[in-house]
$ cat target_6.txt   # compact mmCIF, C-alpha atoms
# COMPACT_ATOMS: atom_id res chain seq x y z
CA MET A 655 -10.36 -8.19 -33.35
CA GLY A 656 -12.19 -4.82 -33.16
CA LEU A 657 -15.33 -4.04 -31.22
CA GLU A 658 -17.34 -3.87 -34.45
CA SER A 659 -16.88 -7.63 -34.83
CA VAL A 660 -18.54 -8.25 -31.47
CA GLY A 661 -22.09 -9.59 -31.74
CA GLY A 662 -25.19 -7.56 -30.86
CA LEU A 663 -26.00 -9.60 -27.74
CA ALA A 664 -22.49 -9.15 -26.37
CA MET A 665 -22.63 -5.39 -27.07
CA HIS A 666 -26.01 -5.18 -25.33
CA ILE A 667 -24.47 -6.73 -22.22
CA ILE A 668 -21.46 -4.41 -22.39
CA LEU A 669 -23.58 -1.27 -22.89
CA SER A 670 -26.00 -2.19 -20.10
CA LYS A 671 -23.07 -2.35 -17.70
CA LEU A 672 -21.72 1.03 -18.88
CA GLY A 673 -24.86 2.95 -17.96
CA PRO A 674 -27.02 5.53 -19.79
CA SER A 675 -24.45 8.35 -20.15
CA ASP A 676 -21.74 6.07 -21.52
CA ALA A 677 -24.24 4.31 -23.79
CA ALA A 678 -25.22 7.68 -25.26
CA SER A 679 -21.53 8.48 -25.86
CA VAL A 680 -20.93 5.12 -27.55
CA SER A 681 -23.77 5.85 -29.98
CA CYS A 682 -21.62 8.65 -31.47
CA VAL A 683 -18.75 6.30 -32.41
CA GLY A 684 -20.29 4.93 -35.59
CA LYS A 685 -23.40 3.68 -37.34
CA ARG A 686 -23.32 0.17 -35.88
CA PHE A 687 -22.60 1.52 -32.40
CA HIS A 688 -25.48 3.98 -32.78
CA GLY A 689 -27.79 1.11 -33.59
CA TRP A 690 -26.62 -0.95 -30.64
CA ALA A 691 -26.86 2.00 -28.23
CA SER A 692 -30.37 2.88 -29.48
CA ASP A 693 -31.81 -0.57 -28.81
CA ASP A 694 -34.96 0.18 -26.81
CA SER A 695 -34.62 -2.92 -24.63
CA LEU A 696 -31.40 -1.35 -23.37
CA TRP A 697 -33.19 1.90 -22.49
CA ALA A 698 -36.03 -0.06 -20.91
CA LYS A 699 -33.42 -1.44 -18.51
CA PHE A 700 -32.08 2.07 -17.81
CA CYS A 701 -35.62 3.40 -17.23
CA SER A 702 -36.32 0.55 -14.85
CA SER A 703 -33.12 0.86 -12.84
CA ASP A 704 -32.99 4.67 -12.66
CA LEU A 705 -36.68 5.62 -12.66
CA GLU A 706 -38.57 2.42 -11.81
CA LEU A 707 -40.56 2.77 -15.04
CA SER A 708 -42.13 -0.37 -16.49
CA SER A 709 -43.57 1.50 -19.50
CA PRO A 710 -42.26 4.50 -21.47
CA LEU A 711 -43.77 7.55 -19.75
CA ASP A 712 -42.58 11.15 -19.48
CA PRO A 713 -42.50 13.02 -16.10
CA HIS A 714 -46.17 14.00 -16.54
CA GLY A 715 -47.26 10.38 -17.03
CA ASN A 716 -47.79 10.74 -20.78
CA PRO A 717 -46.73 7.86 -23.09
CA THR A 718 -43.60 8.36 -25.21
CA PRO A 719 -42.66 6.57 -28.46
CA SER A 720 -39.88 4.61 -26.80
CA PHE A 721 -38.02 4.04 -23.55
CA LYS A 722 -35.11 6.05 -24.93
CA ALA A 723 -37.46 9.00 -25.55
CA ALA A 724 -38.85 8.61 -22.04
CA TYR A 725 -35.36 8.62 -20.51
CA GLN A 726 -34.42 11.72 -22.51
CA ALA A 727 -37.62 13.48 -21.43
CA TRP A 728 -36.80 12.85 -17.77
CA ARG A 729 -33.21 14.03 -18.14
CA GLU A 730 -34.34 17.22 -19.89
CA ALA A 731 -37.09 17.97 -17.36
CA PHE A 732 -34.68 17.72 -14.43
CA ALA A 733 -31.49 18.92 -16.13
CA MET A 734 -30.89 21.56 -13.44
CA TYR A 735 -30.62 18.92 -10.67
CA PRO A 736 -27.99 16.25 -9.89
CA TRP A 737 -29.31 13.11 -11.59
CA SER A 738 -28.49 10.89 -8.60
CA LEU A 739 -30.70 13.12 -6.44
CA VAL A 740 -33.51 13.03 -9.02
CA THR A 741 -33.56 9.23 -9.05
CA ARG A 742 -33.37 9.08 -5.25
CA VAL A 743 -36.35 11.40 -4.82
CA LYS A 744 -38.26 9.46 -7.49
CA ARG A 745 -37.64 6.21 -5.58
CA CYS A 746 -38.73 7.86 -2.33
CA TRP A 747 -42.10 8.90 -3.73
CA SER A 748 -42.55 5.61 -5.64
CA LYS A 749 -41.97 3.64 -2.45
CA LEU A 750 -44.53 5.67 -0.53
CA LYS A 751 -47.12 5.50 -3.30
CA SER A 752 -46.69 1.75 -3.84
CA TRP A 753 -47.33 1.12 -0.13
CA LEU A 754 -50.35 3.42 -0.13
CA ALA A 755 -51.80 1.73 -3.23
CA VAL A 756 -51.90 -1.59 -1.39
CA ASN A 757 -52.60 -0.55 2.19
CA PHE A 758 -54.28 2.87 2.17
CA PRO A 759 -55.49 3.65 -1.39
CA GLU A 760 -57.94 6.34 -0.26
CA VAL A 761 -54.94 8.63 0.39
CA LEU A 762 -53.73 8.56 -3.23
CA PRO A 763 -56.33 11.06 -4.56
CA THR A 764 -55.10 13.61 -1.98
CA LEU A 765 -51.57 13.62 -3.44
CA ARG A 766 -51.18 16.60 -5.77
CA GLU A 767 -49.29 16.67 -9.04
CA GLY A 768 -45.76 18.00 -8.86
CA ALA A 769 -45.15 21.74 -8.85
CA SER A 770 -43.46 23.37 -11.84
CA GLU A 771 -40.19 25.27 -11.65
CA ALA A 772 -42.15 28.49 -12.20
CA GLU A 773 -44.48 27.70 -9.29
CA ILE A 774 -41.54 26.95 -7.02
CA ARG A 775 -39.80 30.21 -7.98
CA GLU A 776 -43.02 32.11 -7.27
CA PHE A 777 -43.25 30.35 -3.90
CA GLU A 778 -39.66 31.23 -3.01
CA ASN A 779 -40.21 34.86 -3.98
CA SER A 780 -43.38 35.05 -1.90
CA LEU A 781 -41.67 33.84 1.29
CA LYS A 782 -38.20 35.20 0.41
CA VAL A 783 -36.55 31.80 0.93
CA LYS A 784 -34.50 29.38 -1.14
CA LEU A 785 -35.62 25.79 -0.80
CA PRO A 786 -32.95 23.13 -0.23
CA LEU A 787 -32.42 21.11 -3.42
CA PRO A 788 -33.87 17.84 -2.07
CA THR A 789 -37.04 19.56 -0.81
CA ARG A 790 -37.36 21.43 -4.08
CA LEU A 791 -37.25 18.12 -5.93
CA LEU A 792 -39.74 16.52 -3.53
CA TYR A 793 -42.21 19.25 -4.49
CA ARG A 794 -41.42 18.80 -8.18
CA PHE A 795 -42.64 15.23 -7.86
CA CYS A 796 -45.58 15.88 -5.52
CA ASP A 797 -46.95 19.21 -4.32
CA GLY A 798 -48.09 17.91 -0.93
CA GLN A 799 -51.63 16.84 -0.16
CA GLU A 800 -54.99 18.31 -1.08
CA LEU A 801 -56.61 19.34 2.19
CA LEU A 802 -60.18 18.07 2.29
CA ASN A 803 -62.80 20.18 4.04
CA GLU A 804 -64.71 17.27 5.52
CA GLU A 805 -67.25 18.48 8.07
CA PHE A 806 -66.88 17.03 11.55
CA SER A 807 -70.50 17.76 12.49
CA GLY A 808 -69.80 16.77 16.08
CA SER A 809 -68.19 13.46 15.12
CA PHE A 810 -64.91 12.35 13.54
CA PRO A 811 -64.56 11.72 9.80
CA SER A 812 -64.53 8.13 8.54
CA THR A 813 -60.88 8.34 7.48
CA LEU A 814 -57.89 10.48 8.50
CA LEU A 815 -55.84 10.92 5.35
CA GLY A 816 -52.61 12.52 6.56
CA ILE A 817 -49.75 10.72 4.81
CA MET A 818 -47.43 11.16 7.83
CA GLY A 819 -49.92 9.54 10.20
CA GLY A 820 -50.63 10.25 13.83
CA TYR A 821 -52.06 8.96 17.10
CA SER A 822 -54.64 9.71 19.74
CA LEU A 823 -54.71 9.78 23.52
CA TYR A 824 -57.74 10.88 25.46
CA ASP A 825 -59.10 13.91 23.54
CA HIS A 826 -55.81 14.63 21.76
CA LEU A 827 -55.98 13.51 18.12
CA VAL A 828 -53.13 14.08 15.66
CA ASN A 829 -53.04 13.33 11.94
CA VAL A 830 -50.28 15.02 9.92
CA PHE A 831 -50.60 16.15 6.30
CA LEU A 832 -47.83 17.26 3.94
CA LEU A 833 -48.88 20.77 2.96
CA PRO A 834 -49.06 21.99 -0.66
CA LEU A 835 -46.96 25.05 -1.51
CA SER A 836 -50.00 27.34 -1.56
CA GLN A 837 -50.90 26.30 1.99
CA VAL A 838 -47.26 26.55 3.12
CA ILE A 839 -47.37 30.25 2.16
CA VAL A 840 -50.61 30.87 4.06
CA ASP A 841 -49.61 28.95 7.20
CA THR A 842 -46.04 30.28 7.28
CA LYS A 843 -47.15 33.90 7.05
CA GLY A 844 -49.90 33.36 9.61
CA ILE A 845 -47.71 31.56 12.14
CA LYS A 846 -44.79 33.95 11.75
CA HIS A 847 -47.16 36.84 12.48
CA GLN A 848 -48.81 35.01 15.37
CA LEU A 849 -45.56 33.84 16.99
CA GLY A 850 -43.41 36.83 16.10
CA PHE A 851 -40.85 34.81 14.12
CA SER A 852 -39.14 37.88 12.67
CA SER A 853 -35.74 36.36 13.51
CA ARG A 854 -36.67 33.08 11.82
CA SER A 855 -37.36 34.26 8.30
CA GLU A 856 -35.80 31.09 6.87
CA TYR A 857 -38.41 28.82 8.56
CA ILE A 858 -41.45 27.58 6.65
CA VAL A 859 -44.35 25.33 7.72
CA VAL A 860 -44.25 22.12 5.67
CA ALA A 861 -46.50 19.70 7.56
CA ALA A 862 -49.21 20.00 10.19
CA SER A 863 -52.02 18.12 11.83
CA ALA A 864 -55.44 18.75 10.34
CA THR A 865 -57.20 17.65 13.53
CA TYR A 866 -57.95 18.98 16.99
CA GLY A 867 -54.42 18.25 18.27
CA GLU A 868 -52.09 20.94 16.93
CA LYS A 869 -48.74 19.69 15.67
CA ILE A 870 -46.57 21.78 13.33
CA PHE A 871 -43.37 20.93 11.43
CA PHE A 872 -41.00 23.66 10.24
CA LEU A 873 -38.24 23.42 7.63
CA ASN A 874 -35.20 25.65 8.06
CA CYS A 875 -34.48 26.49 4.42
CA SER A 876 -30.92 27.59 5.19
CA THR A 877 -29.70 24.51 7.07
CA GLY A 878 -32.14 21.93 5.65
CA GLN A 879 -33.13 20.75 9.15
CA LEU A 880 -36.74 19.91 10.02
CA PHE A 881 -38.21 20.94 13.38
CA VAL A 882 -41.39 20.23 15.29
CA GLY A 883 -42.95 22.60 17.79
CA THR A 884 -43.23 21.66 21.46
CA ARG A 885 -45.80 22.71 24.04
CA ASN A 886 -43.86 25.97 24.39
CA LEU A 887 -43.93 26.84 20.68
CA ALA A 888 -46.39 29.70 21.14
CA ILE A 889 -44.61 30.93 24.28
CA ASN A 890 -40.95 31.00 23.29
CA GLY A 891 -40.74 29.30 19.88
CA GLU A 892 -39.38 26.06 21.35
CA MET A 893 -38.73 23.31 18.78
CA LEU A 894 -36.99 19.97 18.45
CA PRO A 895 -34.97 18.76 15.44
CA CYS A 896 -36.63 15.82 13.66
CA VAL A 897 -33.57 14.32 11.95
CA PRO A 898 -29.96 13.85 13.15
CA ASP A 899 -27.93 16.95 12.20
CA THR A 900 -25.00 14.78 11.14
CA SER A 901 -27.08 13.17 8.37
CA ILE A 902 -27.81 16.47 6.58
CA SER A 903 -25.37 17.54 3.86
CA SER A 904 -24.94 19.73 0.76
CA VAL A 905 -28.51 21.04 0.86
CA HIS A 906 -27.83 23.91 -1.57
CA GLU A 907 -24.89 22.49 -3.54
CA SER A 908 -25.84 21.15 -6.95
CA LYS A 909 -22.40 19.54 -7.27
CA GLY A 910 -22.22 18.11 -3.75
CA ILE A 911 -21.30 14.47 -3.26
CA GLN A 912 -24.52 13.53 -1.47
CA GLN A 913 -27.28 16.10 -1.22
CA GLN A 914 -29.76 15.23 1.52
CA ASP A 915 -31.83 17.48 3.71
CA ALA A 916 -34.12 16.56 6.59
CA MET A 917 -37.27 16.47 4.46
CA LEU A 918 -35.86 13.79 2.16
CA LEU A 919 -34.40 11.75 5.01
CA TRP A 920 -37.66 12.08 6.97
CA LEU A 921 -39.81 10.84 4.09
CA GLU A 922 -37.39 8.00 3.29
CA GLU A 923 -37.45 6.85 6.92
CA HIS A 924 -41.24 7.07 6.96
CA GLY A 925 -41.39 4.89 3.84
CA ARG A 926 -39.03 2.36 5.42
CA ARG A 927 -41.18 2.16 8.58
CA LEU A 928 -44.30 1.60 6.48
CA HIS A 929 -42.74 -1.07 4.26
CA ASP A 930 -41.25 -3.09 7.11
CA SER A 931 -44.56 -2.85 9.04
CA THR A 932 -43.07 -0.95 11.97
CA ILE A 933 -46.20 1.18 11.64
CA LYS A 934 -49.47 0.28 9.94
CA VAL A 935 -52.94 1.49 9.07
CA ARG A 936 -55.19 1.02 12.06
CA ARG A 937 -58.96 1.12 12.26
CA GLU A 938 -60.35 2.61 15.46
CA GLY A 939 -64.10 2.41 15.35
CA LYS A 940 -64.96 3.83 11.94
CA ILE A 941 -61.67 5.73 11.56
CA ARG A 942 -58.81 4.48 9.36
CA SER A 943 -55.43 6.16 9.56
CA ILE A 944 -51.68 5.56 9.54
CA ASN A 945 -50.96 4.98 13.21
CA LEU A 946 -47.52 5.84 14.59
CA PHE A 947 -47.55 3.40 17.52
CA PRO A 948 -44.94 0.77 16.59
CA GLU A 949 -46.19 -2.73 15.78
CA GLN A 950 -42.91 -4.65 15.64
CA SER A 951 -40.21 -5.69 18.13
CA PRO A 952 -38.10 -4.23 19.71
CA LEU A 953 -40.27 -1.09 19.89
CA CYS A 954 -43.41 -3.14 20.51
CA SER A 955 -43.44 -5.79 23.25
CA SER A 956 -45.64 -8.86 23.27
CA ALA A 957 -46.47 -11.41 25.96
CA ILE A 958 -49.07 -14.17 26.34
CA THR A 959 -50.22 -15.34 29.76
CA ASN A 960 -52.90 -18.04 30.11
CA GLY A 961 -54.16 -17.23 26.63
CA VAL A 962 -54.31 -13.45 27.18
CA LYS A 963 -52.07 -11.57 24.75
CA VAL A 964 -50.80 -8.08 25.55
CA ARG A 965 -48.99 -5.95 22.98
CA ALA A 966 -47.58 -2.59 24.04
CA SER A 967 -45.61 0.26 22.46
CA ALA A 968 -45.06 3.98 22.88
CA VAL A 969 -44.56 7.08 20.76
CA PHE A 970 -42.94 10.39 21.66
CA VAL A 971 -45.39 13.32 21.67
CA PRO A 972 -43.36 16.47 20.96
CA GLU A 973 -46.27 18.90 20.83
CA LEU A 974 -47.16 18.15 24.47
CA SER A 975 -43.56 18.02 25.74
CA ASN A 976 -42.07 20.83 27.81
CA LEU A 977 -38.28 21.05 27.66
CA GLN A 978 -38.33 23.77 30.34
CA ASP A 979 -39.76 21.39 32.95
CA GLU A 980 -36.87 19.38 34.37
CA SER A 981 -39.12 16.78 35.99
CA GLU A 982 -41.50 16.24 33.05
CA LYS A 983 -39.55 17.21 29.93
CA PHE A 984 -40.65 14.48 27.56
CA LEU A 985 -44.21 13.20 27.11
CA PHE A 986 -44.80 9.69 25.77
CA ALA A 987 -48.10 8.19 24.72
CA TYR A 988 -48.43 4.42 24.98
CA SER A 989 -50.84 2.02 23.34
CA ILE A 990 -51.94 -1.25 24.95
CA ARG A 991 -53.63 -3.97 22.87
CA LEU A 992 -55.40 -6.86 24.65
CA SER A 993 -56.83 -9.99 23.09
CA LEU A 994 -57.83 -13.55 24.04
CA SER A 995 -56.57 -16.53 22.06
CA PRO A 996 -59.06 -18.66 20.07
CA GLY A 997 -58.69 -21.40 22.67
CA GLY A 998 -59.90 -19.10 25.43
CA CYS A 999 -58.40 -18.52 28.84
CA VAL A 1000 -56.52 -21.53 30.23
CA ILE A 1001 -55.71 -21.75 33.96
CA ASN A 1002 -54.42 -24.96 35.61
CA ALA A 1003 -55.61 -27.00 32.63
CA MET A 1004 -59.11 -25.50 32.89
CA THR A 1005 -60.48 -23.52 29.94
CA PHE A 1006 -62.70 -20.46 30.27
CA SER A 1007 -64.51 -18.77 27.40
CA SER A 1008 -63.90 -15.24 28.65
CA CYS A 1009 -61.99 -13.17 31.20
CA GLN A 1010 -62.28 -9.61 32.43
CA LEU A 1011 -59.67 -7.08 33.51
CA TYR A 1012 -59.90 -5.88 37.09
CA TRP A 1013 -56.57 -4.31 38.15
CA ARG A 1014 -53.44 -2.79 36.64
CA HIS A 1015 -49.88 -2.41 37.89
CA TRP A 1016 -47.25 -0.27 36.14
CA CYS A 1017 -43.56 0.17 36.79
CA ILE A 1018 -42.27 3.26 34.95
CA ARG A 1019 -38.56 3.95 34.64
CA ALA A 1020 -36.55 6.99 33.54
CA ASN A 1021 -33.27 5.54 32.28
CA ASP A 1022 -32.94 2.66 34.80
CA ALA A 1023 -34.44 4.43 37.84
CA ILE A 1024 -38.01 3.65 38.88
CA ILE A 1025 -39.95 6.92 39.03
CA SER A 1026 -43.47 5.57 39.37
CA ASN A 1027 -45.24 2.45 40.66
CA VAL A 1028 -48.90 2.60 39.69
CA ASN A 1029 -51.64 0.36 41.09
CA GLY A 1030 -55.29 0.88 40.40
CA GLU A 1031 -58.59 -0.45 39.18
CA ALA A 1032 -59.47 -0.62 35.48
CA VAL A 1033 -57.78 1.06 32.50
CA ILE A 1034 -58.97 4.54 31.48
CA GLY A 1035 -62.07 3.82 33.55
CA LYS A 1036 -62.92 0.60 31.72
CA PHE A 1037 -62.96 -3.10 32.65
CA PRO A 1038 -62.54 -4.79 29.25
CA LEU A 1039 -64.14 -8.20 28.80
CA LEU A 1040 -62.14 -10.43 26.45
CA ASN A 1041 -63.70 -13.15 24.30
CA PRO A 1042 -61.96 -15.49 21.81
CA GLY A 1043 -61.77 -14.24 18.23
CA GLU A 1044 -62.72 -10.66 18.97
CA ASP A 1045 -60.69 -7.66 17.84
CA GLU A 1046 -58.06 -6.35 20.19
CA PHE A 1047 -59.20 -4.06 22.97
CA VAL A 1048 -57.02 -0.99 22.44
CA TYR A 1049 -56.47 1.94 24.75
CA GLU A 1050 -53.98 4.77 24.95
CA SER A 1051 -52.58 6.71 27.86
CA CYS A 1052 -49.45 8.76 28.52
CA THR A 1053 -46.65 9.44 30.96
CA PRO A 1054 -44.04 12.22 31.26
CA LEU A 1055 -40.34 11.52 31.80
CA PRO A 1056 -37.51 13.74 33.03
CA SER A 1057 -35.12 11.91 30.68
CA SER A 1058 -35.19 11.07 26.99
CA GLN A 1059 -35.17 7.30 27.66
CA GLY A 1060 -37.09 4.99 29.90
CA SER A 1061 -39.44 2.04 29.90
CA VAL A 1062 -42.76 0.69 31.13
CA GLU A 1063 -43.63 -2.81 32.29
CA GLY A 1064 -46.18 -4.34 34.59
CA SER A 1065 -49.19 -6.59 34.76
CA PHE A 1066 -52.96 -6.76 34.61
CA THR A 1067 -55.10 -8.77 36.98
CA PHE A 1068 -57.93 -10.67 35.26
CA VAL A 1069 -60.68 -12.91 36.54
CA PRO A 1070 -61.91 -15.87 34.47
CA GLY A 1071 -65.49 -15.33 33.37
CA ARG A 1072 -66.85 -11.91 34.39
CA LEU A 1073 -66.32 -9.64 37.37
CA ALA A 1074 -69.99 -10.02 38.17
CA ASP A 1075 -69.79 -13.80 37.81
CA PRO A 1076 -66.19 -15.01 38.33
CA LYS A 1077 -65.48 -18.63 37.38
CA GLY A 1078 -62.19 -18.92 39.25
CA SER A 1079 -59.46 -17.10 41.11
CA PRO A 1080 -57.86 -13.89 39.76
CA PHE A 1081 -54.64 -14.30 37.76
CA GLU A 1082 -51.90 -11.94 36.63
CA VAL A 1083 -51.12 -11.23 32.97
CA GLU A 1084 -47.69 -9.95 32.02
CA VAL A 1085 -47.12 -6.65 30.23
CA ALA A 1086 -43.59 -7.10 28.85
CA ARG A 1087 -41.26 -4.14 29.08
CA PHE A 1088 -41.50 -1.68 26.20
CA PRO A 1089 -39.23 1.32 25.60
CA LEU A 1090 -39.90 5.02 25.98
CA GLN A 1091 -37.26 6.82 23.97
CA LEU A 1092 -36.69 10.07 22.14
CA PRO A 1093 -36.20 8.79 18.57
CA ASP A 1094 -33.61 9.88 16.03
CA TYR A 1095 -36.47 10.63 13.65
CA ILE A 1096 -39.47 12.46 15.12
CA PHE A 1097 -42.81 12.13 13.31
$ encode --input "target_6.txt" --output "structure tokens"
Amino acid sequence: MGLESVGGLAMHIILSKLGPSDAASVSCVGKRFHGWASDDSLWAKFCSSDLELSSPLDPHGNPTPSFKAAYQAWREAFAMYPWSLVTRVKRCWSKLKSWLAVNFPEVLPTLREGASEAEIREFENSLKVKLPLPTRLLYRFCDGQELLNEEFSGSFPSTLLGIMGGYSLYDHLVNVFLLPLSQVIVDTKGIKHQLGFSSRSEYIVVAASATYGEKIFFLNCSTGQLFVGTRNLAINGEMLPCVPDTSISSVHESKGIQQQDAMLLWLEEHGRRLHDSTIKVRREGKIRSINLFPEQSPLCSSAITNGVKVRASAVFVPELSNLQDESEKFLFAYSIRLSLSPGGCVINAMTFSSCQLYWRHWCIRANDAIISNVNGEAVIGKFPLLNPGEDEFVYESCTPLPSSQGSVEGSFTFVPGRLADPKGSPFEVEVARFPLQLPDYIF
């Protein structure tokens, strides 16, 4: 029995398992095979699996007559790139945009349309660099973010729209944008002139904070590694790699087995952290932004004592770290979130409707050695009063470490009621240990 005697449904199943390239080849065998291989439901499956398309659209978002036409349009538009890399970059951006659409839709209008091949060539000629293939494709899909000139007028804007997120501690506010190619040219030329980067002609600025806290990310176009400047950037050009070197491969090889540079790995990891809720959008006052303080265990600790809940986590702050200082190499910011359960504060079977913080105790370790025991009144000069059902009281502070790993744990002393009118004896509230660690991926 020949293949031509096989029914259409069976052939559809066979062709769907072969994949798009083999299906296209089968269509050349004969008239009946051409008909089977041209079935648009088959190409709808290929468009869904390869490109996550639920309707037939070309790379510019325009409708096409069929899913087969859409698939062909995509293959033709990206013919100069390995197809597996094209689909991987497409999934990376789709994952980020789908999360933003649900959780932070106000960012979507800042994402620019993809750059054309001509625009990328012009960019490369301007800076005399050759972009790694994965980064080149990332810009083909999205040319960074539109930088909005929102006036501060002495106060912060209502929303910080940097897609890479940030954090704040004291007066240091960071919110990182992905830069469009036009801004990459301006910033790269300006910073190279300012810092004297004549020996680093292959470095370009790809992301930076658009706030008062300066934080700059550089891509090495030769190696494909991503770097972030430290406190000594302006002094001696000190930087830290943002992605493990061992993960980067075949950044300029169109026929490599697995092309991946730091930019692609960095964005994929960022998308993973957003989707699994390791990091979230946080509102602080009137400001909404992607906040880099972890929200999930094991990076975020949580403990409840007598109805008082304390959540705590830390983030590495590269732009304030000083690798030349042996005693304070690495700076970590930590975020503490305090709240009172709906049932109030319960001590010895007695319930109180409020409690107020009076004292703090911290035990800070570098590796396993205690380097600091802190005791003192208040937190950042405040004595937070907790009431049931209210939003968390959140504050940030920081600590330097001589090592790349450590931890913080301790306790707060509260009084039931108010400090001015205590309703019982003081009690201790646990702050469970949370890690301080130089991460594999630095954001």
$ atom_distance --input "target_6.txt" --atom1 "CA of Phe700 (chain A)" --atom2 "CA of Phe732 (chain A)"
16.2 Å
$ closest_residue --input "target_6.txt" --among "A:His929, A:Lys963, A:Arg766, A:Lys843" --to "Ile990 (chain A)" --atoms "all atoms listed in the file"
A:Lys963
$ closest_residue --input "target_6.txt" --among "A:Glu892, A:Met1004, A:Leu815, A:Val897" --to "Glu922 (chain A)" --atoms "only C-alpha atoms"
A:Val897
$ closest_residue --input "target_6.txt" --among "A:Ile1018, A:Leu792, A:Ile944, A:Val882" --to "Leu814 (chain A)" --atoms "all atoms listed in the file"
A:Ile944
$ residues_near_point --input "target_6.txt" --point "(-49.3, -3.3, 39.4)" --cutoff "12 Å" --atoms "all atoms listed in the file" --output "ChimeraX atom specification"
/A:1012-1018,1026-1033,1062-1067,1082-1085
$ residues_around --input "target_6.txt" --residues "Ala698 (chain A)" --least-positions-apart "6" --cutoff "9 Å" --atoms "all atoms listed in the file" --output "list of chain:residue names"
A:Leu707, A:Ser708, A:Ser709, A:Pro710, A:Ser720, A:Phe721, A:Lys722, A:Tyr725
$ write_last_selection --input "target_6.txt" --atoms "C-alpha atoms" --output "CSV table (one decimal), keeping the file's coordinate frame"
chain,number,residue,atom,x,y,z
A,707,LEU,CA,-40.6,2.8,-15.0
A,708,SER,CA,-42.1,-0.4,-16.5
A,709,SER,CA,-43.6,1.5,-19.5
A,710,PRO,CA,-42.3,4.5,-21.5
A,720,SER,CA,-39.9,4.6,-26.8
A,721,PHE,CA,-38.0,4.0,-23.6
A,722,LYS,CA,-35.1,6.0,-24.9
A,725,TYR,CA,-35.4,8.6,-20.5
$ residues_around --input "target_6.txt" --residues "region 781-785 of chain A" --least-positions-apart "3" --cutoff "6 Å" --atoms "all atoms listed in the file" --output "number ranges by chain"
A: 778, 790, 875
$ residues_around --input "target_6.txt" --residues "Ala916 (chain A)" --least-positions-apart "5" --cutoff "6 Å" --atoms "all atoms listed in the file" --output "PyMOL selection string"
chain A and resi 878-880+897
$ closest_residue --input "target_6.txt" --among "A:Pro1080, A:Arg885, A:Arg1087, A:Ile1025" --to "Val964 (chain A)" --atoms "all atoms listed in the file"
A:Arg1087
$ axis_aligned_box --input "target_6.txt" --around "region 784-791 of chain A" --padding-each-side "8 Å" --output "AutoDock Vina command-line options"
--center_x -34.9 --center_y 23.6 --center_z -3.1 --size_x 20.9 --size_y 27.5 --size_z 21.7
$ residues_around --input "target_6.txt" --residues "Ser951 (chain A)" --least-positions-apart "2" --cutoff "10 Å" --atoms "only C-alpha atoms" --output "list of chain:residue names"
A:Thr932, A:Pro948, A:Glu949, A:Leu953, A:Cys954, A:Ser955, A:Ser956, A:Ala966, A:Ser967, A:Phe1088
$ atom_distance --input "target_6.txt" --atom1 "CA of Asp1045 (chain A)" --atom2 "CA of Ser993 (chain A)"
6.9 Å
$ closest_residue --input "target_6.txt" --among "A:Pro972, A:Pro1093, A:Gly715, A:Pro1070" --to "Phe795 (chain A)" --atoms "only C-alpha atoms"
A:Gly715
$ residues_around --input "target_6.txt" --residues "Phe758 (chain A)" --least-positions-apart "2" --cutoff "12 Å" --atoms "all atoms listed in the file" --output "MDAnalysis selection string"
chainID A and resid 750:756 760:764 813:817 819 928 934:937 942:945
$ atom_distance --input "target_6.txt" --atom1 "CA of Val905 (chain A)" --atom2 "CA of Pro788 (chain A)"
6.9 Å
$ residues_near_point --input "target_6.txt" --point "(-35.0, 13.9, -15.8)" --cutoff "12 Å" --atoms "all atoms listed in the file" --output "PyMOL selection string"
chain A and resi 701+704-705+711-714+723-744+791+794-795
$ closest_residue --input "target_6.txt" --among "A:Asn779, A:Asn890, A:Ser822, A:Ser981" --to "Ile839 (chain A)" --atoms "only C-alpha atoms"
A:Asn779
$ decode --input "target_6.txt" --residues "region 858-863 of chain A" --atoms "N, CA, C and O atoms" --output "PDB file, in the first residue's frame"
ATOM      1  N   ILE A 858      29.423  48.852  23.964  1.00  0.00           N
ATOM      2  CA  ILE A 858      28.344  49.805  23.710  1.00  0.00           C
ATOM      3  C   ILE A 858      27.410  49.830  24.926  1.00  0.00           C
ATOM      4  O   ILE A 858      27.279  48.840  25.637  1.00  0.00           O
ATOM      5  N   VAL A 859      26.762  50.963  25.153  1.00  0.00           N
ATOM      6  CA  VAL A 859      25.797  51.100  26.244  1.00  0.00           C
ATOM      7  C   VAL A 859      24.444  50.607  25.754  1.00  0.00           C
ATOM      8  O   VAL A 859      23.925  51.109  24.757  1.00  0.00           O
ATOM      9  N   VAL A 860      23.865  49.612  26.418  1.00  0.00           N
ATOM     10  CA  VAL A 860      22.598  49.038  25.954  1.00  0.00           C
ATOM     11  C   VAL A 860      21.437  49.272  26.914  1.00  0.00           C
ATOM     12  O   VAL A 860      20.271  49.182  26.519  1.00  0.00           O
ATOM     13  N   ALA A 861      21.742  49.565  28.169  1.00  0.00           N
ATOM     14  CA  ALA A 861      20.674  49.799  29.153  1.00  0.00           C
ATOM     15  C   ALA A 861      21.215  50.740  30.220  1.00  0.00           C
ATOM     16  O   ALA A 861      22.409  50.727  30.531  1.00  0.00           O
ATOM     17  N   ALA A 862      20.329  51.545  30.778  1.00  0.00           N
ATOM     18  CA  ALA A 862      20.760  52.507  31.794  1.00  0.00           C
ATOM     19  C   ALA A 862      19.560  52.966  32.598  1.00  0.00           C
ATOM     20  O   ALA A 862      18.414  52.879  32.156  1.00  0.00           O
ATOM     21  N   SER A 863      19.847  53.463  33.786  1.00  0.00           N
ATOM     22  CA  SER A 863      18.791  54.008  34.632  1.00  0.00           C
ATOM     23  C   SER A 863      18.456  55.420  34.175  1.00  0.00           C
ATOM     24  O   SER A 863      19.344  56.229  33.904  1.00  0.00           O
TER      25      SER A 863
END
